[in-house]
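Next comes query_30.cif, a file with mmCIF, C-alpha atoms.
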```cif
data_run
loop_
_atom_site.label_atom_id
_atom_site.label_comp_id
_atom_site.auth_asym_id
_atom_site.auth_seq_id
_atom_site.Cartn_x
_atom_site.Cartn_y
_atom_site.Cartn_z
CA MET A 29 -39.36 -80.90 37.05
CA LYS A 30 -36.50 -79.90 34.77
CA ASN A 31 -38.53 -81.11 31.81
CA ILE A 32 -41.52 -78.82 32.47
CA LYS A 33 -39.86 -76.03 30.50
CA PHE A 34 -39.73 -78.30 27.45
CA LEU A 35 -43.42 -79.13 27.89
CA ILE A 36 -44.18 -75.39 27.88
CA ALA A 37 -41.91 -74.83 24.84
CA GLY A 38 -43.81 -77.68 23.15
CA ILE A 39 -47.18 -76.04 23.91
CA PHE A 40 -46.02 -72.79 22.27
CA PHE A 41 -44.61 -74.71 19.31
CA GLY A 42 -47.85 -76.71 18.93
CA ILE A 43 -49.88 -73.47 18.89
CA VAL A 44 -47.54 -72.05 16.24
CA LEU A 45 -47.82 -75.20 14.08
CA VAL A 46 -51.62 -74.93 14.06
CA LYS A 47 -51.69 -71.17 13.45
CA ALA A 48 -49.03 -71.50 10.72
CA GLN A 49 -51.35 -74.13 9.15
CA VAL A 50 -48.31 -76.31 8.43
CA ILE A 51 -50.21 -79.23 9.98
CA SER A 52 -52.86 -78.84 7.27
CA TRP A 53 -53.13 -81.58 4.65
CA PHE A 54 -54.38 -78.87 2.28
CA ARG A 55 -51.23 -76.74 2.69
CA ILE A 56 -49.02 -79.78 2.05
CA GLN A 57 -50.92 -80.60 -1.17
CA GLU A 58 -50.53 -76.94 -2.27
CA MET A 59 -46.79 -77.05 -1.57
CA PHE A 60 -46.24 -80.17 -3.66
CA GLN A 61 -48.64 -79.03 -6.41
CA LEU A 62 -46.78 -75.68 -6.52
CA THR A 63 -50.02 -73.72 -6.20
CA SER A 64 -49.15 -71.65 -3.13
CA PHE A 65 -46.08 -69.96 -1.69
CA HIS A 66 -47.27 -70.36 1.92
CA MET A 67 -45.22 -73.44 2.99
CA TYR A 68 -42.10 -72.24 1.17
CA GLY A 69 -42.43 -68.89 2.93
CA VAL A 70 -42.84 -70.51 6.35
CA ILE A 71 -39.95 -72.98 6.00
CA GLY A 72 -37.69 -70.39 4.31
CA THR A 73 -38.28 -67.80 7.05
CA ALA A 74 -37.73 -70.47 9.72
CA VAL A 75 -34.40 -71.51 8.21
CA VAL A 76 -33.17 -67.90 7.85
CA THR A 77 -34.21 -67.21 11.47
CA GLY A 78 -32.42 -70.38 12.58
CA ILE A 79 -29.22 -69.53 10.69
CA ILE A 80 -29.08 -66.00 12.17
CA SER A 81 -29.85 -67.33 15.69
CA LEU A 82 -27.08 -69.94 15.54
CA GLN A 83 -24.58 -67.39 14.22
CA VAL A 84 -25.43 -65.07 17.11
CA ILE A 85 -25.14 -67.94 19.63
CA LYS A 86 -21.73 -68.96 18.22
CA ARG A 87 -20.27 -65.43 17.85
CA PHE A 88 -21.30 -64.25 21.30
CA HIS A 89 -20.77 -67.61 23.04
CA VAL A 90 -24.32 -67.51 24.39
CA LYS A 91 -24.79 -69.95 27.28
CA THR A 92 -27.79 -71.98 28.43
CA ILE A 93 -29.94 -70.69 31.31
CA ALA A 94 -27.96 -73.09 33.52
CA GLY A 95 -24.74 -71.39 32.38
CA GLU A 96 -23.48 -74.28 30.24
CA PRO A 97 -21.85 -73.70 26.86
CA ILE A 98 -24.04 -74.42 23.81
CA SER A 99 -22.78 -76.88 21.23
CA VAL A 100 -24.51 -78.43 18.23
CA ALA A 101 -23.35 -81.81 16.92
CA PRO A 102 -22.65 -81.85 13.17
CA LYS A 103 -24.67 -84.18 10.92
CA THR A 104 -22.68 -86.90 9.18
CA PHE A 105 -23.65 -88.07 5.72
CA ASN A 106 -24.84 -91.56 4.92
CA LYS A 107 -27.02 -92.99 2.16
CA GLY A 108 -29.92 -93.18 4.61
CA GLN A 109 -30.50 -89.47 4.08
CA ILE A 110 -31.27 -90.26 0.43
CA PHE A 111 -33.29 -93.50 0.77
CA GLY A 112 -34.95 -92.58 4.06
CA GLY A 113 -35.53 -89.04 2.83
CA LEU A 114 -37.40 -90.24 -0.27
CA ILE A 115 -39.48 -92.69 1.80
CA PHE A 116 -40.41 -90.03 4.34
CA GLY A 117 -41.29 -87.62 1.51
CA LEU A 118 -43.85 -90.09 0.16
CA GLY A 119 -45.46 -90.35 3.59
CA TRP A 120 -45.32 -86.58 4.16
CA ALA A 121 -47.56 -85.87 1.16
CA ILE A 122 -49.95 -88.75 1.90
CA THR A 123 -50.58 -87.91 5.56
CA GLY A 124 -50.00 -84.17 5.29
CA ALA A 125 -47.73 -84.45 8.31
CA CYS A 126 -44.22 -84.91 9.55
CA PRO A 127 -43.64 -86.16 13.12
CA GLY A 128 -44.23 -82.79 14.87
CA PRO A 129 -47.49 -82.04 13.06
CA LEU A 130 -48.74 -85.59 13.83
CA PHE A 131 -48.88 -84.65 17.51
CA ALA A 132 -50.52 -81.31 16.72
CA GLN A 133 -53.11 -82.91 14.40
CA ILE A 134 -54.13 -85.30 17.18
CA GLY A 135 -54.35 -82.45 19.71
CA SER A 136 -56.41 -80.32 17.33
CA GLY A 137 -59.13 -82.97 17.34
CA PHE A 138 -58.28 -85.41 14.54
CA THR A 139 -57.98 -88.33 16.94
CA VAL A 140 -57.84 -90.85 14.08
CA VAL A 141 -54.31 -89.53 13.41
CA GLY A 142 -53.43 -91.46 16.58
CA VAL A 143 -53.49 -94.50 14.30
CA THR A 144 -50.98 -92.76 12.00
CA LEU A 145 -48.76 -92.03 15.02
CA LEU A 146 -48.87 -95.68 16.16
CA SER A 147 -47.99 -96.73 12.64
CA ALA A 148 -45.09 -94.24 12.58
CA ILE A 149 -43.82 -95.76 15.84
CA ALA A 150 -44.10 -99.19 14.20
CA GLY A 151 -42.15 -97.89 11.18
CA THR A 152 -39.41 -96.59 13.47
CA TRP A 153 -39.29 -99.99 15.21
CA VAL A 154 -39.04 -101.89 11.91
CA TYR A 155 -36.21 -99.58 10.84
CA GLY A 156 -34.40 -100.37 14.10
CA ALA A 157 -34.84 -104.09 13.51
CA LEU A 158 -33.70 -103.95 9.86
CA LYS A 159 -30.93 -101.36 10.32
CA PRO A 160 -27.98 -103.81 10.09
CA ARG A 161 -29.27 -105.06 6.73
CA LEU A 162 -30.09 -101.71 5.09
CA PRO A 163 -27.59 -99.78 2.92
CA HIS A 164 -26.12 -96.79 4.78
CA MET B 19 -59.78 -60.05 24.59
CA GLU B 20 -58.50 -57.81 21.80
CA LEU B 21 -55.26 -59.80 21.93
CA VAL B 22 -57.09 -63.13 21.54
CA LYS B 23 -58.98 -61.73 18.52
CA PHE B 24 -55.66 -60.59 17.08
CA ILE B 25 -54.13 -64.07 17.49
CA GLN B 26 -57.24 -65.77 16.07
CA GLN B 27 -56.70 -64.24 12.62
CA PRO B 28 -54.82 -66.40 10.09
CA TRP B 29 -51.09 -65.74 10.50
CA HIS B 30 -48.87 -64.45 7.71
CA TRP B 31 -46.21 -66.98 6.64
CA SER B 32 -43.39 -64.72 7.77
CA VAL B 33 -44.73 -64.52 11.34
CA SER B 34 -45.21 -68.30 11.43
CA GLY B 35 -41.76 -68.96 9.98
CA LEU B 36 -40.09 -66.56 12.41
CA LEU B 37 -41.68 -68.26 15.43
CA ILE B 38 -40.85 -71.76 14.15
CA GLY B 39 -37.25 -70.68 13.50
CA LEU B 40 -36.96 -69.19 17.01
CA THR B 41 -37.63 -72.67 18.43
CA VAL B 42 -34.01 -73.49 17.48
CA PRO B 43 -32.34 -70.98 19.85
CA VAL B 44 -35.05 -71.39 22.51
CA LEU B 45 -34.32 -75.13 22.91
CA LEU B 46 -30.56 -74.52 22.86
CA ILE B 47 -30.81 -71.82 25.54
CA LEU B 48 -33.26 -73.83 27.67
CA GLY B 49 -30.92 -76.82 27.90
CA ASN B 50 -28.57 -77.25 24.91
CA LYS B 51 -31.14 -79.36 23.07
CA ALA B 52 -31.07 -79.76 19.30
CA PHE B 53 -34.50 -79.19 17.74
CA GLY B 54 -35.90 -82.43 16.31
CA ILE B 55 -39.09 -84.36 16.85
CA SER B 56 -38.82 -87.71 15.05
CA SER B 57 -36.38 -88.89 17.76
CA SER B 58 -39.38 -89.02 20.11
CA LEU B 59 -40.65 -92.01 18.10
CA ARG B 60 -37.34 -93.81 18.71
CA HIS B 61 -37.50 -93.04 22.44
CA ILE B 62 -41.02 -94.50 22.59
CA CYS B 63 -39.72 -97.69 20.95
CA ALA B 64 -36.75 -97.80 23.35
CA ALA B 65 -39.01 -97.27 26.35
CA CYS B 66 -41.86 -99.62 25.41
CA PHE B 67 -40.61 -102.36 23.04
CA PRO B 68 -36.79 -102.46 22.90
CA ALA B 69 -36.85 -106.23 22.09
CA ASN B 70 -33.07 -106.65 22.30
CA ILE B 71 -32.59 -104.54 19.15
CA SER B 72 -29.28 -102.71 19.51
CA PHE B 73 -30.74 -99.51 17.96
CA PHE B 74 -33.07 -99.27 20.98
CA GLN B 75 -30.49 -100.11 23.70
CA TYR B 76 -29.65 -96.71 25.15
CA ASP B 77 -30.68 -94.59 28.11
CA TRP B 78 -33.84 -93.03 26.64
CA LYS B 79 -34.60 -91.37 29.98
CA LYS B 80 -31.72 -88.99 29.32
CA GLU B 81 -33.60 -87.84 26.22
CA SER B 82 -36.99 -87.62 27.92
CA TRP B 83 -37.11 -83.84 27.32
CA ASN B 84 -38.05 -84.75 23.74
CA LEU B 85 -41.14 -86.66 24.92
CA PHE B 86 -42.22 -83.70 27.08
CA PHE B 87 -41.76 -81.44 24.05
CA ALA B 88 -43.89 -83.77 21.90
CA ALA B 89 -46.60 -83.95 24.59
CA GLY B 90 -46.54 -80.14 24.67
CA ILE B 91 -47.12 -80.01 20.91
CA LEU B 92 -50.23 -82.15 21.36
CA LEU B 93 -51.54 -79.85 24.11
CA GLY B 94 -50.67 -76.76 22.08
CA GLY B 95 -52.54 -78.22 19.10
CA PHE B 96 -55.59 -78.64 21.32
CA LEU B 97 -55.42 -75.09 22.70
CA ALA B 98 -54.90 -73.49 19.30
CA ALA B 99 -57.67 -75.47 17.58
CA HIS B 100 -60.21 -74.82 20.35
CA TYR B 101 -59.46 -71.26 21.42
CA LEU B 102 -57.29 -69.55 18.81
CA GLN B 103 -59.07 -70.18 15.49
CA ASP B 104 -61.51 -67.72 13.90
CA GLY B 105 -63.90 -70.41 12.61
CA GLN B 106 -63.48 -69.44 8.95
CA ASP B 107 -62.85 -72.00 6.19
CA ILE B 108 -59.23 -72.53 5.23
CA GLN B 109 -58.27 -70.61 2.07
CA VAL B 110 -56.84 -73.04 -0.48
CA ALA B 111 -55.53 -72.19 -3.97
CA ALA B 112 -58.20 -72.61 -6.67
CA ALA B 113 -56.06 -74.97 -8.78
CA THR B 114 -55.57 -77.29 -5.80
CA GLN B 115 -59.29 -77.11 -4.92
CA GLN B 116 -60.14 -78.25 -8.46
CA ARG B 117 -57.77 -81.19 -8.16
CA LEU B 118 -59.03 -82.15 -4.70
CA ALA B 119 -62.62 -82.10 -6.01
CA THR B 120 -61.65 -84.97 -8.33
CA TYR B 121 -60.53 -86.82 -5.18
CA GLY B 122 -63.96 -86.22 -3.61
CA VAL B 123 -62.56 -83.68 -1.12
CA HIS B 124 -64.87 -80.66 -0.62
CA ASP B 125 -64.83 -79.91 3.13
CA TYR B 126 -62.59 -76.92 3.93
CA SER B 127 -64.00 -76.20 7.39
CA ALA B 128 -60.98 -77.60 9.25
CA LEU B 129 -57.23 -77.99 8.66
CA LEU B 130 -57.71 -81.57 7.45
CA PRO B 131 -60.47 -82.82 5.13
CA SER B 132 -63.15 -84.82 6.94
CA GLU B 133 -63.60 -86.94 3.78
CA ILE B 134 -60.25 -88.59 4.53
CA PHE B 135 -59.41 -88.04 8.20
CA SER B 136 -62.31 -89.64 10.04
CA TRP B 137 -62.66 -92.84 12.07
CA SER B 138 -65.28 -94.20 9.66
CA ASN B 139 -62.50 -94.55 7.05
CA LEU B 140 -60.19 -96.53 9.29
CA PHE B 141 -61.09 -100.00 8.04
CA THR B 142 -61.29 -99.04 4.36
CA TRP B 143 -58.54 -98.95 1.71
CA LYS B 144 -58.45 -95.18 2.14
CA GLY B 145 -57.79 -95.49 5.86
CA LEU B 146 -55.23 -98.22 5.36
CA ILE B 147 -53.27 -96.04 2.91
CA PHE B 148 -53.65 -92.64 4.58
CA PHE B 149 -53.20 -93.69 8.22
CA VAL B 150 -51.42 -97.03 8.41
CA PHE B 151 -49.23 -96.98 5.29
CA GLY B 152 -48.57 -93.21 5.41
CA GLY B 153 -47.66 -93.32 9.10
CA PHE B 154 -45.33 -96.26 8.55
CA LEU B 155 -43.46 -94.35 5.81
CA ILE B 156 -43.04 -91.36 8.15
CA GLY B 157 -41.60 -93.44 10.99
CA PHE B 158 -39.39 -95.66 8.83
CA GLY B 159 -38.21 -92.87 6.52
CA THR B 160 -37.39 -90.26 9.16
CA ARG B 161 -35.34 -92.71 11.23
CA TYR B 162 -33.55 -94.04 8.15
CA ALA B 163 -32.79 -90.43 7.16
CA GLY B 164 -31.72 -89.60 10.72
CA GLY B 165 -34.22 -86.78 11.13
CA CYS B 166 -37.34 -85.11 9.81
CA THR B 167 -38.42 -81.65 8.71
CA SER B 168 -37.49 -80.22 12.11
CA GLY B 169 -34.19 -82.06 12.66
CA HIS B 170 -32.84 -81.78 9.12
CA SER B 171 -34.74 -79.07 7.24
CA ILE B 172 -34.80 -76.56 10.09
CA MET B 173 -32.14 -77.49 12.67
CA GLY B 174 -29.67 -79.03 10.19
CA LEU B 175 -30.00 -76.29 7.55
CA SER B 176 -29.78 -73.61 10.27
CA ASN B 177 -26.43 -75.14 11.25
CA LEU B 178 -25.38 -75.18 7.56
CA GLN B 179 -25.05 -78.97 7.42
CA TRP B 180 -24.88 -80.25 3.83
CA PRO B 181 -26.17 -83.77 4.71
CA SER B 182 -29.34 -82.05 5.92
CA LEU B 183 -29.64 -80.28 2.56
CA VAL B 184 -29.41 -83.68 0.82
CA ALA B 185 -32.09 -85.05 3.15
CA THR B 186 -34.35 -82.01 2.58
CA CYS B 187 -34.06 -82.34 -1.22
CA CYS B 188 -35.01 -86.02 -0.92
CA PHE B 189 -37.99 -85.19 1.35
CA MET B 190 -39.19 -82.77 -1.33
CA ALA B 191 -38.57 -85.20 -4.22
CA GLY B 192 -40.54 -87.92 -2.43
CA GLY B 193 -43.32 -85.45 -1.68
CA PHE B 194 -43.57 -84.19 -5.26
CA PHE B 195 -43.80 -87.75 -6.57
CA SER B 196 -46.35 -88.70 -3.92
CA ALA B 197 -48.63 -85.67 -4.38
CA ASN B 198 -48.54 -85.58 -8.19
CA VAL B 199 -48.30 -89.24 -9.19
CA LEU B 200 -49.07 -91.58 -6.31
CA ILE B 201 -52.02 -89.80 -4.64
CA PRO B 202 -53.94 -89.11 -7.92
CA TYR B 203 -53.43 -92.78 -8.85
CA LEU B 204 -54.63 -93.99 -5.45
CA PHE B 205 -57.80 -91.89 -5.62
CA LYS B 206 -58.52 -93.31 -9.08
CA CYS B 207 -58.30 -96.78 -7.53
CA PHE B 208 -60.65 -95.82 -4.66
CA GLN B 209 -63.40 -94.78 -7.07
#
```
I need this file expressed as structure tokens, please.
Amino acid sequence: MKNIKFLIAGIFFGIVLVKAQVISWFRIQEMFQLTSFHMYGVIGTAVVTGIISLQVIKRFHVKTIAGEPISVAPKTFNKGQIFGGLIFGLGWAITGACPGPLFAQIGSGFTVVGVTLLSAIAGTWVYGALKPRLPH
Amino acid sequence: MELVKFIQQPWHWSVSGLLIGLTVPVLLILGNKAFGISSSLRHICAACFPANISFFQYDWKKESWNLFFAAGILLGGFLAAHYLQDGQDIQVAAATQQRLATYGVHDYSALLPSEIFSWSNLFTWKGLIFFVFGGFLIGFGTRYAGGCTSGHSIMGLSNLQWPSLVATCCFMAGGFFSANVLIPYLFKCFQ
């Protein structure tokens, strides 16, 4: 039951992704062809909102609804962010989706994207299998 | 019903961005969860095909909130597409429309072009590239990078993490190359 709230948060987020049109293959092509400000506006506003929210949470020691302290683990650098980042970028423009939008594209009726999702799961699995041999 | 009509209009980028950004504090306040979606793909691997790979040997059930969140996104996508759209064509920049016409893409009635994203393309070169190859790059690349647009570009940048800035720049570099060099080349090959 404790996970129902995350299901509901996901529903709201899925609605926002569709209405923001960030799941649109067209918007992704525009972003990378530099013909529209839309995606830059969305991501930029989201980051600014996130920065302000985290500052407020840290300054005022905001707690979770269960009364626990909130902490965010820092990200540590490795070369995977460069190699993996470039590889993901290639796939982002081809499919017009990152992992979140994949789920929203399927829900919005493009069921063939289910194949893309299965392939993404396979890609994750292959990474897990090859991880010890990849440069990090 | 006035409210539904209001929501059905296309949203301004600032409204969309604000609501996406607010997902960061909402997930933290709901249960100290860091926003990020590509991890769900790892949890699916760990749950279904761990195959003795050390990367998939962990208690994925502890992270099951992420799978509920992903399932919610799918449901939300359904609700928005069926009840919260105004039925108008998507407005795409003229320069991009011209370029897409050379790819044979003309259908702007939905968020994705039917010329590419349909089942009839699945067993063609187009389908192989756009669904199978593209999906593989997303799954492999995001895990290698340790996150995707949500985990790095939104959550990581919101927490002022420089490795996330490196990752975001690489996402963009890969995307620019893909959209301006690779995709035009692929469509030339399809013709």
Selection: 10 Å around range 85-88 of chain A, all atoms listed in the file, excl. self and same-chain fewer than 4 positions, as a ChimeraX atom specification: /A:79-81,97-100 /B:43,46-47
Report the closest atom pair, with its distance in Å rounded to one decimal, for each residue of chain A that has an atom no farther than 6 Å from chain B; count only C-alpha atoms, sort by chain and then rising residue number, and write it as a tab-separated table.
```
residue	atom	partner	partner_atom	distance
A:Asn31	CA	B:Trp83	CA	5.4
A:Phe34	CA	B:Phe87	CA	5.1
A:Leu35	CA	B:Gly90	CA	4.6
A:Gly38	CA	B:Gly90	CA	4.0
A:Ile39	CA	B:Gly94	CA	4.0
A:Gly42	CA	B:Ile91	CA	3.9
A:Ile43	CA	B:Gly94	CA	4.7
A:Ala48	CA	B:Ser34	CA	5.0
A:Ser52	CA	B:Leu129	CA	4.7
A:Trp53	CA	B:Leu130	CA	5.4
A:Phe60	CA	B:Phe194	CA	5.1
A:His66	CA	B:Trp31	CA	5.9
A:Gly69	CA	B:Trp31	CA	5.6
A:Val70	CA	B:Gly35	CA	4.1
A:Ile71	CA	B:Gly35	CA	5.9
A:Thr73	CA	B:Gly35	CA	4.7
A:Ala74	CA	B:Gly39	CA	3.8
A:Val75	CA	B:Ile172	CA	5.4
A:Thr77	CA	B:Gly39	CA	5.0
A:Gly78	CA	B:Ser176	CA	4.8
A:Ile79	CA	B:Ser176	CA	4.1
A:Thr92	CA	B:Ile47	CA	4.2
A:Ile93	CA	B:Leu48	CA	5.8
A:Ile98	CA	B:Asn50	CA	5.5
A:Phe105	CA	B:Pro181	CA	5.1
A:Gly108	CA	B:Ala163	CA	4.7
A:Gln109	CA	B:Ala163	CA	4.0
A:Ile110	CA	B:Cys188	CA	5.8
A:Gly112	CA	B:Gly159	CA	4.1
A:Gly113	CA	B:Phe189	CA	4.8
A:Leu114	CA	B:Gly192	CA	4.5
A:Ile115	CA	B:Gly159	CA	4.9
A:Phe116	CA	B:Gly159	CA	4.2
A:Gly117	CA	B:Gly192	CA	4.0
A:Leu118	CA	B:Gly192	CA	4.7
A:Gly119	CA	B:Gly152	CA	4.6
A:Ala121	CA	B:Gly193	CA	5.1
A:Ile122	CA	B:Gly152	CA	5.8
A:Thr123	CA	B:Gly152	CA	5.7
A:Pro127	CA	B:Ser56	CA	5.4
A:Gly128	CA	B:Ile55	CA	5.7
A:Phe131	CA	B:Leu92	CA	4.8
A:Ala132	CA	B:Gly95	CA	4.4
A:Gly135	CA	B:Phe96	CA	4.3
A:Ser136	CA	B:Phe96	CA	4.4
A:Val140	CA	B:Trp137	CA	5.6
A:Thr144	CA	B:Gly153	CA	4.4
A:Ser147	CA	B:Phe154	CA	4.9
A:Ala148	CA	B:Gly157	CA	3.9
A:Ile149	CA	B:Leu59	CA	5.4
A:Gly151	CA	B:Phe158	CA	4.3
A:Thr152	CA	B:Gly157	CA	4.6
A:Tyr155	CA	B:Phe158	CA	5.4
A:Gly156	CA	B:Phe73	CA	5.4
```
Interatomic distance, CA of Leu45 in chain A to CA of His124 in chain B (Å, one decimal):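 Going from CA of Leu45 in chain A over to CA of His124 in chain B, I get 23.2 Å.
Between CA of Met19 in chain B and CA of Gly105 in chain B the separation is 16.4 Å.
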Evaluate the PyMOL selection byres ((chain B and resi 121) around 8) on the structure here and hand back the selected residues as a PDB file with C-alpha atoms, in the frame of the given file.
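Full text of result.pdb as output:
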```
ATOM      1  CA  ARG B 117     -57.770 -81.190  -8.160  1.00  0.00           C
ATOM      2  CA  LEU B 118     -59.030 -82.150  -4.700  1.00  0.00           C
ATOM      3  CA  ALA B 119     -62.620 -82.100  -6.010  1.00  0.00           C
ATOM      4  CA  THR B 120     -61.650 -84.970  -8.330  1.00  0.00           C
ATOM      5  CA  GLY B 122     -63.960 -86.220  -3.610  1.00  0.00           C
ATOM      6  CA  VAL B 123     -62.560 -83.680  -1.120  1.00  0.00           C
ATOM      7  CA  PRO B 202     -53.940 -89.110  -7.920  1.00  0.00           C
ATOM      8  CA  PHE B 205     -57.800 -91.890  -5.620  1.00  0.00           C
ATOM      9  CA  LYS B 206     -58.520 -93.310  -9.080  1.00  0.00           C
TER      10      LYS B 206
END
```
Atomic distance CA of Ile36 in chain A - CA of Glu20 in chain B, expressed in Å with one decimal: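 That distance, rounded to one decimal, is 23.5 Å.
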Minimum-distance residue to Val22 in chain B, chosen among B:Asp77, B:Tyr101, B:Cys207, B:Gln106 (using all atoms listed in the file): B:Tyr101
Give me range 30-45 of chain A with N, CA, C and O atoms filled in, as a PDB file, keeping the file's coordinate frame.
```pdb
ATOM      1  N   LYS A  30     -37.317 -80.626  35.749  1.00  0.00           N
ATOM      2  CA  LYS A  30     -36.500 -79.900  34.770  1.00  0.00           C
ATOM      3  C   LYS A  30     -37.051 -80.010  33.351  1.00  0.00           C
ATOM      4  O   LYS A  30     -36.663 -79.276  32.465  1.00  0.00           O
ATOM      5  N   ASN A  31     -37.969 -80.947  33.149  1.00  0.00           N
ATOM      6  CA  ASN A  31     -38.530 -81.110  31.810  1.00  0.00           C
ATOM      7  C   ASN A  31     -39.778 -80.270  31.557  1.00  0.00           C
ATOM      8  O   ASN A  31     -40.250 -80.194  30.428  1.00  0.00           O
ATOM      9  N   ILE A  32     -40.295 -79.611  32.636  1.00  0.00           N
ATOM     10  CA  ILE A  32     -41.520 -78.820  32.470  1.00  0.00           C
ATOM     11  C   ILE A  32     -41.303 -77.702  31.454  1.00  0.00           C
ATOM     12  O   ILE A  32     -42.186 -77.392  30.656  1.00  0.00           O
ATOM     13  N   LYS A  33     -40.103 -77.130  31.444  1.00  0.00           N
ATOM     14  CA  LYS A  33     -39.860 -76.030  30.500  1.00  0.00           C
ATOM     15  C   LYS A  33     -39.951 -76.501  29.046  1.00  0.00           C
ATOM     16  O   LYS A  33     -40.359 -75.757  28.166  1.00  0.00           O
ATOM     17  N   PHE A  34     -39.615 -77.784  28.818  1.00  0.00           N
ATOM     18  CA  PHE A  34     -39.730 -78.300  27.450  1.00  0.00           C
ATOM     19  C   PHE A  34     -41.190 -78.595  27.095  1.00  0.00           C
ATOM     20  O   PHE A  34     -41.581 -78.496  25.937  1.00  0.00           O
ATOM     21  N   LEU A  35     -41.979 -78.954  28.111  1.00  0.00           N
ATOM     22  CA  LEU A  35     -43.420 -79.130  27.890  1.00  0.00           C
ATOM     23  C   LEU A  35     -44.030 -77.789  27.475  1.00  0.00           C
ATOM     24  O   LEU A  35     -44.807 -77.706  26.516  1.00  0.00           O
ATOM     25  N   ILE A  36     -43.636 -76.721  28.194  1.00  0.00           N
ATOM     26  CA  ILE A  36     -44.180 -75.390  27.880  1.00  0.00           C
ATOM     27  C   ILE A  36     -43.712 -74.933  26.495  1.00  0.00           C
ATOM     28  O   ILE A  36     -44.501 -74.421  25.694  1.00  0.00           O
ATOM     29  N   ALA A  37     -42.419 -75.179  26.182  1.00  0.00           N
ATOM     30  CA  ALA A  37     -41.910 -74.830  24.840  1.00  0.00           C
ATOM     31  C   ALA A  37     -42.707 -75.603  23.785  1.00  0.00           C
ATOM     32  O   ALA A  37     -43.047 -75.056  22.728  1.00  0.00           O
ATOM     33  N   GLY A  38     -43.026 -76.862  24.069  1.00  0.00           N
ATOM     34  CA  GLY A  38     -43.810 -77.680  23.150  1.00  0.00           C
ATOM     35  C   GLY A  38     -45.206 -77.109  22.936  1.00  0.00           C
ATOM     36  O   GLY A  38     -45.719 -77.100  21.814  1.00  0.00           O
ATOM     37  N   ILE A  39     -45.824 -76.629  24.023  1.00  0.00           N
ATOM     38  CA  ILE A  39     -47.180 -76.040  23.910  1.00  0.00           C
ATOM     39  C   ILE A  39     -47.136 -74.835  22.963  1.00  0.00           C
ATOM     40  O   ILE A  39     -47.946 -74.719  22.047  1.00  0.00           O
ATOM     41  N   PHE A  40     -46.139 -73.960  23.157  1.00  0.00           N
ATOM     42  CA  PHE A  40     -46.020 -72.790  22.270  1.00  0.00           C
ATOM     43  C   PHE A  40     -45.794 -73.251  20.827  1.00  0.00           C
ATOM     44  O   PHE A  40     -46.417 -72.756  19.894  1.00  0.00           O
ATOM     45  N   PHE A  41     -44.920 -74.240  20.656  1.00  0.00           N
ATOM     46  CA  PHE A  41     -44.610 -74.710  19.310  1.00  0.00           C
ATOM     47  C   PHE A  41     -45.849 -75.343  18.662  1.00  0.00           C
ATOM     48  O   PHE A  41     -46.108 -75.134  17.471  1.00  0.00           O
ATOM     49  N   GLY A  42     -46.621 -76.089  19.450  1.00  0.00           N
ATOM     50  CA  GLY A  42     -47.850 -76.710  18.930  1.00  0.00           C
ATOM     51  C   GLY A  42     -48.844 -75.647  18.480  1.00  0.00           C
ATOM     52  O   GLY A  42     -49.490 -75.789  17.424  1.00  0.00           O
ATOM     53  N   ILE A  43     -48.973 -74.571  19.273  1.00  0.00           N
ATOM     54  CA  ILE A  43     -49.880 -73.470  18.890  1.00  0.00           C
ATOM     55  C   ILE A  43     -49.400 -72.860  17.569  1.00  0.00           C
ATOM     56  O   ILE A  43     -50.192 -72.624  16.650  1.00  0.00           O
ATOM     57  N   VAL A  44     -48.086 -72.642  17.457  1.00  0.00           N
ATOM     58  CA  VAL A  44     -47.540 -72.050  16.240  1.00  0.00           C
ATOM     59  C   VAL A  44     -47.791 -72.961  15.027  1.00  0.00           C
ATOM     60  O   VAL A  44     -48.182 -72.492  13.960  1.00  0.00           O
ATOM     61  N   LEU A  45     -47.603 -74.279  15.208  1.00  0.00           N
ATOM     62  CA  LEU A  45     -47.820 -75.200  14.080  1.00  0.00           C
ATOM     63  C   LEU A  45     -49.250 -75.118  13.564  1.00  0.00           C
ATOM     64  O   LEU A  45     -49.484 -75.140  12.353  1.00  0.00           O
TER      65      LEU A  45
END
```
